[in-house]
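Raw work_27.cif, mmCIF, C-alpha atoms and all ligand atoms:
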data_model
#
loop_
_atom_site.label_atom_id
_atom_site.label_comp_id
_atom_site.auth_asym_id
_atom_site.auth_seq_id
_atom_site.Cartn_x
_atom_site.Cartn_y
_atom_site.Cartn_z
CA MET A 1 -10.37 9.95 19.50
CA ILE A 2 -10.97 8.81 15.93
CA TYR A 3 -7.86 7.91 13.96
CA VAL A 4 -7.57 7.54 10.19
CA THR A 5 -7.47 3.78 10.66
CA GLN A 6 -7.71 1.23 13.42
CA PRO A 7 -6.88 -2.48 13.23
CA GLU A 8 -9.80 -4.90 13.53
CA MET A 9 -8.92 -7.34 16.26
CA PRO A 10 -11.15 -10.41 16.58
CA PRO A 11 -11.97 -11.57 20.14
CA LEU A 12 -8.84 -12.89 21.86
CA GLU A 13 -10.49 -16.33 22.27
CA GLU A 14 -10.39 -16.71 18.49
CA PHE A 15 -6.62 -16.34 18.47
CA GLU A 16 -5.89 -18.60 21.45
CA PRO A 17 -6.23 -21.94 19.59
CA TYR A 18 -3.60 -20.75 17.07
CA LEU A 19 -1.19 -19.78 19.84
CA LYS A 20 -1.79 -23.10 21.57
CA LYS A 21 -0.75 -24.92 18.38
CA ILE A 22 2.42 -22.86 18.10
CA TRP A 23 3.29 -23.60 21.74
CA GLU A 24 2.64 -27.32 21.21
CA SER A 25 4.66 -27.59 18.01
CA ARG A 26 7.56 -25.40 19.28
CA TRP A 27 8.02 -24.32 15.66
CA LEU A 28 8.24 -20.52 15.73
CA THR A 29 9.58 -19.50 12.33
CA ASN A 30 11.27 -20.83 9.11
CA ASN A 31 8.40 -22.20 7.01
CA GLY A 32 6.21 -23.40 9.87
CA GLN A 33 2.77 -24.90 9.29
CA PHE A 34 0.89 -21.60 9.65
CA HIS A 35 3.35 -19.96 7.22
CA GLU A 36 2.68 -22.69 4.64
CA ASP A 37 -1.09 -22.54 5.24
CA LEU A 38 -1.18 -18.76 4.89
CA GLU A 39 0.85 -18.77 1.66
CA ALA A 40 -1.57 -21.27 0.12
CA ALA A 41 -4.69 -19.55 1.49
CA LEU A 42 -3.61 -16.11 0.28
CA ALA A 43 -2.63 -17.32 -3.19
CA GLU A 44 -6.09 -18.83 -3.48
CA TYR A 45 -7.97 -15.86 -1.99
CA LEU A 46 -6.15 -13.36 -4.20
CA GLY A 47 -6.21 -15.58 -7.28
CA VAL A 48 -2.47 -15.34 -7.93
CA PRO A 49 -0.10 -18.08 -9.16
CA CYS A 50 2.59 -17.79 -6.44
CA LEU A 51 3.17 -15.79 -3.33
CA SER A 52 6.05 -15.54 -0.88
CA LEU A 53 5.43 -14.20 2.64
CA PHE A 54 7.70 -11.58 4.22
CA SER A 55 8.22 -10.12 7.69
CA ASN A 56 7.19 -6.73 6.33
CA GLY A 57 6.40 -4.96 3.08
CA THR A 58 9.58 -2.89 2.96
CA LEU A 59 11.82 -5.98 3.01
CA ALA A 60 9.56 -7.48 0.35
CA LEU A 61 10.17 -4.40 -1.83
CA LEU A 62 13.94 -4.60 -1.27
CA THR A 63 13.92 -8.29 -2.14
CA ALA A 64 11.73 -7.88 -5.23
CA LEU A 65 14.35 -5.48 -6.66
CA GLN A 66 17.12 -7.95 -5.76
CA ALA A 67 15.20 -10.85 -7.29
CA LEU A 68 15.11 -9.12 -10.69
CA ARG A 69 18.68 -7.78 -10.28
CA ILE A 70 17.53 -4.20 -10.78
CA THR A 71 20.39 -1.70 -11.15
CA GLY A 72 21.03 1.81 -12.48
CA GLU A 73 17.93 4.03 -12.54
CA VAL A 74 14.29 3.24 -11.78
CA ILE A 75 11.31 5.41 -12.63
CA THR A 76 8.91 5.89 -9.74
CA THR A 77 6.29 8.20 -8.21
CA PRO A 78 6.91 10.85 -5.54
CA PHE A 79 3.27 10.45 -4.38
CA SER A 80 3.61 7.44 -2.09
CA PHE A 81 4.75 6.28 1.31
CA VAL A 82 8.48 6.87 1.67
CA ALA A 83 9.31 3.13 1.75
CA THR A 84 8.76 2.94 -2.03
CA THR A 85 11.79 5.13 -2.78
CA HIS A 86 13.81 3.91 0.22
CA ALA A 87 13.69 0.41 -1.32
CA LEU A 88 15.54 1.80 -4.36
CA TRP A 89 18.07 3.65 -2.21
CA TRP A 90 18.86 0.49 -0.22
CA ASN A 91 19.53 -1.29 -3.52
CA ASN A 92 21.91 1.45 -4.62
CA VAL A 93 19.51 2.32 -7.43
CA LYS A 94 18.88 5.94 -8.43
CA PRO A 95 15.21 6.96 -8.16
CA VAL A 96 13.85 9.03 -11.05
CA PHE A 97 10.61 10.77 -10.12
CA VAL A 98 7.87 11.12 -12.73
CA ASP A 99 4.66 13.11 -12.20
CA ILE A 100 1.20 11.66 -11.48
CA GLU A 101 -2.15 11.91 -13.28
CA PRO A 102 -4.44 14.68 -11.96
CA GLU A 103 -7.58 12.51 -11.88
CA THR A 104 -6.24 9.24 -10.42
CA PHE A 105 -3.04 10.38 -8.60
CA GLN A 106 -1.23 7.40 -10.21
CA LEU A 107 2.11 7.51 -12.05
CA ASP A 108 1.46 9.13 -15.42
CA PRO A 109 2.40 6.67 -18.22
CA MET A 110 2.60 9.55 -20.72
CA ARG A 111 5.53 11.06 -18.82
CA ILE A 112 7.61 7.90 -18.41
CA GLU A 113 9.28 7.84 -21.82
CA SER A 114 10.95 11.23 -21.48
CA ALA A 115 12.48 10.15 -18.14
CA ILE A 116 14.15 7.05 -19.62
CA THR A 117 17.96 7.10 -19.99
CA PRO A 118 20.43 4.35 -21.00
CA ALA A 119 20.70 3.52 -17.25
CA THR A 120 16.96 2.90 -16.78
CA THR A 121 16.17 -0.73 -15.95
CA ALA A 122 12.70 -0.70 -14.40
CA ILE A 123 9.52 1.14 -13.41
CA LEU A 124 8.28 1.07 -9.81
CA PRO A 125 4.71 2.41 -9.78
CA VAL A 126 2.34 2.36 -6.78
CA HIS A 127 -1.38 1.52 -6.85
CA VAL A 128 -2.09 4.55 -4.66
CA TYR A 129 -5.08 4.11 -2.29
CA GLY A 130 -5.58 0.65 -3.81
CA ASN A 131 -6.81 2.14 -7.11
CA PRO A 132 -5.18 0.58 -10.17
CA CYS A 133 -2.45 2.35 -12.09
CA ASN A 134 -2.93 2.52 -15.85
CA VAL A 135 -1.27 -0.90 -16.01
CA ASP A 136 -1.81 -1.44 -19.75
CA ALA A 137 -0.14 1.84 -20.72
CA ILE A 138 2.72 1.24 -18.27
CA GLN A 139 3.28 -2.26 -19.67
CA ARG A 140 3.38 -0.88 -23.24
CA VAL A 141 6.15 1.56 -22.30
CA ALA A 142 8.02 -1.19 -20.43
CA ASP A 143 7.77 -3.57 -23.40
CA THR A 144 8.86 -0.89 -25.87
CA PHE A 145 11.99 -0.03 -23.87
CA GLY A 146 12.74 -3.45 -22.38
CA LEU A 147 12.10 -2.41 -18.79
CA ARG A 148 10.93 -4.46 -15.80
CA VAL A 149 7.82 -3.41 -13.87
CA ILE A 150 7.56 -3.93 -10.13
CA TYR A 151 4.33 -2.73 -8.53
CA ASP A 152 4.21 -1.43 -5.00
CA ALA A 153 0.76 -2.93 -4.34
CA ALA A 154 0.92 -2.23 -0.59
CA HIS A 155 -2.54 -0.58 -0.73
CA ALA A 156 -4.12 -2.97 -3.20
CA PHE A 157 -4.89 -6.15 -1.24
CA GLY A 158 -7.74 -8.03 -2.92
CA VAL A 159 -8.29 -5.45 -5.66
CA LYS A 160 -9.40 -6.94 -8.98
CA ARG A 161 -9.56 -5.51 -12.47
CA GLY A 162 -11.99 -7.21 -14.82
CA GLY A 163 -12.08 -10.15 -12.38
CA ARG A 164 -8.28 -10.55 -12.41
CA SER A 165 -6.11 -9.81 -9.39
CA LEU A 166 -4.30 -6.49 -9.73
CA ALA A 167 -1.31 -8.20 -8.07
CA CYS A 168 -0.77 -10.24 -11.27
CA GLU A 169 0.29 -7.14 -13.22
CA GLY A 170 3.91 -6.38 -14.03
CA ASP A 171 6.86 -8.69 -13.33
CA LEU A 172 6.33 -8.70 -9.55
CA SER A 173 3.91 -7.09 -7.11
CA VAL A 174 4.61 -6.33 -3.48
CA LEU A 175 1.95 -6.33 -0.76
CA SER A 176 2.13 -4.95 2.79
CA PHE A 177 0.31 -6.54 5.73
CA HIS A 178 1.19 -3.82 8.23
CA ALA A 179 -1.38 -3.26 11.00
CA THR A 180 -2.73 -0.17 9.18
CA LYS A 181 -3.48 -2.03 5.95
CA VAL A 182 -6.72 -3.72 4.78
CA PHE A 183 -5.33 -7.20 5.52
CA THR A 184 -2.79 -7.51 8.31
CA THR A 185 -0.36 -9.95 9.91
CA ILE A 186 0.64 -7.22 12.46
CA GLU A 187 3.83 -6.57 10.47
CA GLY A 188 4.14 -8.44 7.21
CA GLY A 189 4.13 -8.46 3.47
CA ALA A 190 4.43 -10.61 0.36
CA ILE A 191 5.77 -10.75 -3.16
CA VAL A 192 3.42 -12.06 -5.81
CA ALA A 193 5.41 -13.97 -8.45
CA PRO A 194 4.31 -15.36 -11.82
CA ASP A 195 5.86 -18.84 -11.45
CA VAL A 196 7.49 -21.29 -9.03
CA LYS A 197 10.98 -20.65 -10.38
CA THR A 198 10.73 -16.96 -9.50
CA LYS A 199 9.17 -17.76 -6.13
CA ASP A 200 12.06 -20.16 -5.37
CA ARG A 201 14.62 -17.41 -5.99
CA ILE A 202 12.62 -15.03 -3.79
CA ASP A 203 12.39 -17.68 -1.05
CA PHE A 204 16.20 -18.14 -1.12
CA LEU A 205 16.71 -14.41 -0.93
CA LYS A 206 14.46 -13.93 2.10
CA ASN A 207 16.40 -16.63 4.00
CA PHE A 208 20.04 -15.44 3.65
CA GLY A 209 20.31 -17.02 0.19
CA PHE A 210 20.18 -20.59 1.50
CA ALA A 211 19.05 -23.09 -1.14
CA ASP A 212 19.70 -25.98 1.27
CA GLU A 213 21.59 -26.54 4.51
CA VAL A 214 25.03 -25.98 2.96
CA THR A 215 24.36 -24.01 -0.23
CA VAL A 216 24.14 -20.22 -0.36
CA VAL A 217 23.15 -19.10 -3.87
CA ALA A 218 22.86 -15.34 -3.36
CA PRO A 219 23.60 -12.59 -0.82
CA GLY A 220 20.19 -12.91 0.83
CA ILE A 221 18.63 -11.16 3.77
CA ASN A 222 16.49 -12.26 6.70
CA ALA A 223 12.91 -11.32 5.84
CA LYS A 224 11.01 -14.41 6.95
CA MET A 225 7.50 -14.25 8.38
CA ASN A 226 7.16 -15.95 11.77
CA GLU A 227 4.40 -18.29 12.96
CA VAL A 228 2.60 -15.77 15.17
CA GLN A 229 2.33 -13.36 12.22
CA ALA A 230 1.13 -16.13 9.90
CA ALA A 231 -1.44 -17.37 12.44
CA TYR A 232 -2.76 -13.82 12.89
CA GLY A 233 -3.06 -13.59 9.10
CA LEU A 234 -5.05 -16.83 8.87
CA LEU A 235 -7.45 -15.46 11.49
CA GLN A 236 -7.74 -12.11 9.67
CA LEU A 237 -8.41 -13.89 6.41
CA LYS A 238 -11.57 -15.46 7.91
CA HIS A 239 -12.97 -11.96 8.40
CA ILE A 240 -11.57 -10.17 5.36
CA ASP A 241 -14.73 -10.16 3.22
CA SER A 242 -16.87 -8.69 6.00
CA HIS A 243 -14.12 -6.14 6.75
CA ILE A 244 -14.04 -4.97 3.14
CA SER A 245 -17.83 -4.78 2.87
CA ARG A 246 -17.99 -2.69 6.09
CA ARG A 247 -15.33 -0.39 4.58
CA ARG A 248 -17.56 -0.10 1.53
CA GLU A 249 -20.52 1.04 3.66
CA VAL A 250 -18.34 3.75 5.19
CA ALA A 251 -17.08 4.89 1.76
CA LEU A 252 -20.61 5.02 0.31
CA ARG A 253 -21.82 7.09 3.28
CA TYR A 254 -18.97 9.56 2.84
CA ARG A 255 -19.63 9.84 -0.88
CA ALA A 256 -23.35 10.47 -0.37
CA ARG A 257 -22.79 13.09 2.33
CA LEU A 258 -19.85 14.91 0.71
CA ALA A 259 -21.25 15.02 -2.84
CA GLY A 260 -22.89 18.42 -2.48
CA ILE A 261 -20.07 20.31 -0.78
CA PRO A 262 -18.44 22.86 -3.13
CA GLY A 263 -14.65 22.63 -3.12
CA ILE A 264 -14.50 19.03 -1.89
CA ARG A 265 -13.88 16.23 -4.37
CA HIS A 266 -13.69 12.51 -3.69
CA LEU A 267 -12.79 9.52 -5.87
CA ASP A 268 -15.53 7.27 -7.21
CA ASP A 269 -15.26 3.56 -7.99
CA ILE A 270 -13.40 2.88 -11.22
CA ALA A 271 -15.41 0.96 -13.84
CA GLY A 272 -14.43 -2.71 -13.99
CA THR A 273 -12.50 -2.57 -10.70
CA THR A 274 -13.39 -4.37 -7.46
CA PRO A 275 -12.07 -1.90 -4.88
CA ASN A 276 -10.92 -2.56 -1.30
CA HIS A 277 -11.71 0.90 0.17
CA ALA A 278 -8.34 1.03 1.86
CA TYR A 279 -8.43 4.84 2.11
CA PHE A 280 -10.93 7.66 1.73
CA PRO A 281 -9.03 10.60 0.21
CA ILE A 282 -10.67 13.97 -0.46
CA MET A 283 -9.28 16.93 -2.39
CA ILE A 284 -9.90 20.34 -0.90
CA ASP A 285 -9.87 23.31 -3.26
CA ALA A 286 -9.22 26.15 -0.82
CA ASP A 287 -10.44 28.87 -3.23
CA VAL A 288 -13.86 27.26 -3.58
CA TYR A 289 -14.17 25.68 -0.14
CA GLY A 290 -12.96 28.76 1.69
CA MET A 291 -10.47 26.94 3.89
CA SER A 292 -7.13 25.32 3.20
CA ARG A 293 -6.48 21.60 3.58
CA ASP A 294 -4.23 22.28 6.56
CA THR A 295 -6.91 24.36 8.29
CA VAL A 296 -9.43 21.54 7.77
CA TYR A 297 -6.90 19.04 9.14
CA GLU A 298 -6.35 21.15 12.29
CA ARG A 299 -10.07 21.83 12.74
CA LEU A 300 -10.94 18.12 12.57
CA LYS A 301 -8.18 17.50 15.12
CA THR A 302 -9.77 19.90 17.62
CA HIS A 303 -12.90 17.71 17.36
CA GLY A 304 -10.89 14.52 18.05
CA ILE A 305 -10.77 13.44 14.39
CA TYR A 306 -7.25 12.53 13.25
CA SER A 307 -7.20 12.63 9.46
CA ARG A 308 -3.90 12.16 7.59
CA ARG A 309 -2.27 14.15 4.80
CA TYR A 310 -1.33 11.14 2.66
CA PHE A 311 0.94 12.00 0.82
CA HIS A 312 2.41 15.17 2.15
CA PRO A 313 5.26 15.95 2.05
CA LEU A 314 6.05 14.27 -1.28
CA ILE A 315 8.92 11.76 -1.14
CA SER A 316 10.84 14.13 -3.44
CA HIS A 317 10.83 16.75 -0.65
CA PHE A 318 12.76 14.67 1.88
CA PRO A 319 16.41 15.65 2.35
CA VAL A 320 17.83 12.37 0.95
CA TYR A 321 15.99 12.77 -2.35
CA ARG A 322 15.38 16.51 -2.87
CA GLY A 323 18.78 17.02 -4.52
CA LEU A 324 17.91 14.69 -7.42
CA PRO A 325 17.21 16.58 -10.66
CA SER A 326 13.87 14.74 -11.06
CA ALA A 327 12.81 15.87 -7.55
CA HIS A 328 12.54 19.51 -8.64
CA PRO A 329 8.98 20.82 -8.05
CA GLU A 330 8.85 22.06 -11.66
CA ASN A 331 9.18 18.45 -12.81
CA LEU A 332 6.25 17.34 -10.61
CA PRO A 333 3.54 20.04 -10.83
CA VAL A 334 0.57 17.67 -10.45
CA ALA A 335 2.01 15.79 -7.48
CA GLU A 336 2.91 19.11 -5.84
CA ALA A 337 -0.65 20.42 -6.24
CA VAL A 338 -2.33 17.19 -5.11
CA SER A 339 -0.02 16.93 -2.10
CA ARG A 340 -1.17 20.41 -0.97
CA ARG A 341 -4.88 19.55 -1.25
CA ILE A 342 -5.23 15.90 -0.28
CA LEU A 343 -6.68 14.69 3.01
CA CYS A 344 -7.46 11.09 3.97
CA LEU A 345 -10.50 10.73 6.22
CA PRO A 346 -10.93 7.93 8.79
CA ILE A 347 -12.02 4.61 7.30
CA TYR A 348 -11.97 1.16 8.92
CA PRO A 349 -14.47 -1.67 9.33
CA SER A 350 -15.71 -0.79 12.83
CA LEU A 351 -16.07 2.95 12.11
CA GLU A 352 -19.67 3.81 13.04
CA LEU A 353 -21.78 5.57 10.41
CA ASP A 354 -22.82 8.24 12.91
CA VAL A 355 -19.14 9.13 13.31
CA VAL A 356 -18.93 9.42 9.51
CA ASP A 357 -21.99 11.70 9.66
CA LYS A 358 -20.34 13.81 12.36
CA ILE A 359 -17.19 14.20 10.22
CA CYS A 360 -19.30 15.13 7.18
CA LEU A 361 -21.27 17.65 9.24
CA LEU A 362 -18.01 19.29 10.31
CA LEU A 363 -16.95 19.48 6.66
CA GLU A 364 -20.37 20.84 5.60
CA ARG A 365 -20.45 23.59 8.21
CA ARG A 366 -17.63 25.92 7.43
CA PRO A 367 -17.21 28.50 10.20
C1 LIG B 401 2.79 0.44 4.00
C2 LIG B 401 3.50 0.73 2.75
C3 LIG B 401 4.77 0.22 2.48
C4 LIG B 401 5.62 -0.46 3.51
O1 LIG B 401 5.09 -1.59 4.03
P1 LIG B 401 5.53 -2.07 5.49
O2 LIG B 401 4.83 -3.40 5.59
O3 LIG B 401 5.00 -1.06 6.47
O4 LIG B 401 7.00 -2.19 5.53
C5 LIG B 401 5.33 0.44 1.22
N1 LIG B 401 4.69 1.16 0.29
C6 LIG B 401 3.48 1.71 0.53
C7 LIG B 401 2.82 2.47 -0.57
C8 LIG B 401 2.85 1.54 1.77
O5 LIG B 401 1.68 2.12 2.01
#
Once more with this new file: its structure as structure tokens, please.
Ligand SMILES: *Cc1c(COP(=O)(O)O)cnc(C)c1O
Amino acid sequence: MIYVTQPEMPPLEEFEPYLKKIWESRWLTNNGQFHEDLEAALAEYLGVPCLSLFSNGTLALLTALQALRITGEVITTPFSFVATTHALWWNNVKPVFVDIEPETFQLDPMRIESAITPATTAILPVHVYGNPCNVDAIQRVADTFGLRVIYDAAHAFGVKRGGRSLACEGDLSVLSFHATKVFTTIEGGAIVAPDVKTKDRIDFLKNFGFADEVTVVAPGINAKMNEVQAAYGLLQLKHIDSHISRRREVALRYRARLAGIPGIRHLDDIAGTTPNHAYFPIMIDADVYGMSRDTVYERLKTHGIYSRRYFHPLISHFPVYRGLPSAHPENLPVAEAVSRRILCLPIYPSLELDVVDKICLLLERRP
């Protein structure tokens, strides 16, 4: 069975020394040594000023919105993992869906302005598949209307734009280190902050609001990363460059093999961007290809290949959100069309190239 992704697990012997240290120190959570080491190592690896670790990416998203005291309405994309919008709902903020760009699948900056109301306080875009949003255009709109920008950068670990970390864009960026992501701490996440003052507030918030033993400065939550997670992250970080370059080999093989197939489109590297190859999405035009996306998905499955329809259904189709005026399909024609055609093919560091060839052969040979 080939799944869309599979975590890379180094030999168990490599993890044992970390566990031994945790057992010896008897320090399991609350800013342990591995937690401190991983925060420093990640800030350096990513090239970001400050970073605060979290037990998962969803709690990091919730906390990022709390940290900036976001209220009212927030403009976001329906073409994402459902946690993006859930984070708004849990903050009692009304999501306002805006359509995506047909070429990049990212939130369309041209459509943001008309969705702004007096209640709008922020924009929550997603760097879908790890490809950068049009961050300059989004920032211009935000500056013009005095809005905050929080990026869901769950897919964008290590991605750089003109040599600068994509996670430095906006007011805050949120990363996920879930087992299915490019860099993992099993479950985990982080908020990238511009300065120590902001990081301090985030650190209070993720630990019940405690500023010291007796002072609670805000209604915080428990979103702390434990020592086993942090140790696993430090071990993953040793291998991250080779993991990303193996992903690149897989992506290049797919691109070479799929290039000639009518009705199948893939995304190429974006000029000036250092990608992480987190996903390998293809668009299937049923009229040209002769088969619908769903038929391709089922056919691959009968051959033991489990692709994923990321993102289908759109977030705006789920019962909690579909009643919102902005969730109406007529408001989101591009996202609706992309969601019907998109398919993410398996990609992970240990995926063999002959398996990639087998998948491409299946896509080449239409019955
Ligand atoms: C994975 C993911 C999240 C949630 O992260 P968790 O660490 O699984 O809680 C949020 N947004 C997007 C776009 C994701 O892909």
Q) Which residues, protein or nucleic acid, reach to within 10 Å of (10.6, 14.4, -5.8) in the file's coordinates when using only C-alpha atoms, and can you give that as number ranges by chain? A) A: 76-79, 85, 95-99, 313-318, 321-332, 335-336
Q | Cut-off 6 Å, all atoms listed in the file, neighbours of ligand LIG 401 (chain B) as number ranges by chain | A | A: 56-58, 80-81, 83-84, 152, 154-155, 176-178, 187-189
Q | Contact residues around range 260-277 of chain A with only C-alpha atoms at 9 Å, ignoring same-chain residues under 3 positions, as a ChimeraX atom specification | A | /A:103-104,129-132,155-163,182,244-245,247-248,250-251,254-257,280-290,347-348,363-364
Using all atoms listed in the file, which residues of range 95-152 of chain A come within 12 Å of range 67-74 of chain A, and what is the closest atom pair for each, with the distance in Å to one decimal? Give it as JSON lines, sorted by chain and residue number.
{"residue": "A:Pro95", "atom": "CA", "partner": "A:Val74", "partner_atom": "CA", "distance": 5.3}
{"residue": "A:Val96", "atom": "CA", "partner": "A:Val74", "partner_atom": "CA", "distance": 5.9}
{"residue": "A:Phe97", "atom": "CA", "partner": "A:Val74", "partner_atom": "CA", "distance": 8.5}
{"residue": "A:Val98", "atom": "CA", "partner": "A:Val74", "partner_atom": "CA", "distance": 10.2}
{"residue": "A:Ile112", "atom": "CA", "partner": "A:Val74", "partner_atom": "CA", "distance": 10.5}
{"residue": "A:Ala115", "atom": "CA", "partner": "A:Val74", "partner_atom": "CA", "distance": 9.6}
{"residue": "A:Ile116", "atom": "CA", "partner": "A:Glu73", "partner_atom": "CA", "distance": 8.6}
{"residue": "A:Thr117", "atom": "CA", "partner": "A:Glu73", "partner_atom": "CA", "distance": 8.1}
{"residue": "A:Pro118", "atom": "CA", "partner": "A:Glu73", "partner_atom": "CA", "distance": 8.8}
{"residue": "A:Ala119", "atom": "CA", "partner": "A:Gly72", "partner_atom": "CA", "distance": 5.1}
{"residue": "A:Thr120", "atom": "CA", "partner": "A:Glu73", "partner_atom": "CA", "distance": 4.5}
{"residue": "A:Thr121", "atom": "CA", "partner": "A:Val74", "partner_atom": "CA", "distance": 6.1}
{"residue": "A:Ala122", "atom": "CA", "partner": "A:Val74", "partner_atom": "CA", "distance": 5.0}
{"residue": "A:Ile123", "atom": "CA", "partner": "A:Val74", "partner_atom": "CA", "distance": 5.5}
{"residue": "A:Leu124", "atom": "CA", "partner": "A:Val74", "partner_atom": "CA", "distance": 6.7}
{"residue": "A:Pro125", "atom": "CA", "partner": "A:Val74", "partner_atom": "CA", "distance": 9.8}
{"residue": "A:Ala142", "atom": "CA", "partner": "A:Val74", "partner_atom": "CA", "distance": 11.6}
{"residue": "A:Leu147", "atom": "CA", "partner": "A:Val74", "partner_atom": "CA", "distance": 9.3}
{"residue": "A:Arg148", "atom": "CA", "partner": "A:Leu68", "partner_atom": "CA", "distance": 8.1}
{"residue": "A:Val149", "atom": "CA", "partner": "A:Val74", "partner_atom": "CA", "distance": 9.5}
{"residue": "A:Ile150", "atom": "CA", "partner": "A:Leu68", "partner_atom": "CA", "distance": 9.2}
Q. What does the distance between CA of Gly220 in chain A and CA of Leu234 in chain A come to in Å, to one decimal place?
A.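 CA of Leu234 in chain A lies 26.8 Å from CA of Gly220 in chain A.
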Q. CA of Gly32 in chain A to CA of Pro11 in chain A: how many Å, to one decimal?
A.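 Computing the Euclidean distance for CA of Gly32 in chain A and CA of Pro11 in chain A yields 24.0 Å.
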Q. With distances taken over all atoms listed in the file, which of A:Gln106, A:Thr63, A:Thr184, A:Ser350 is nearest to Ile240 in chain A?
A. A:Thr184
Find the axis-aligned box for range 322-331 of chain A, covering all its listed atoms and adding 5 Å on each side, and write its centre and edge lengths in Å to one decimal as JSON.
{"center_x": 13.8, "center_y": 18.4, "center_z": -7.8, "size_x": 19.9, "size_y": 17.4, "size_z": 19.9}
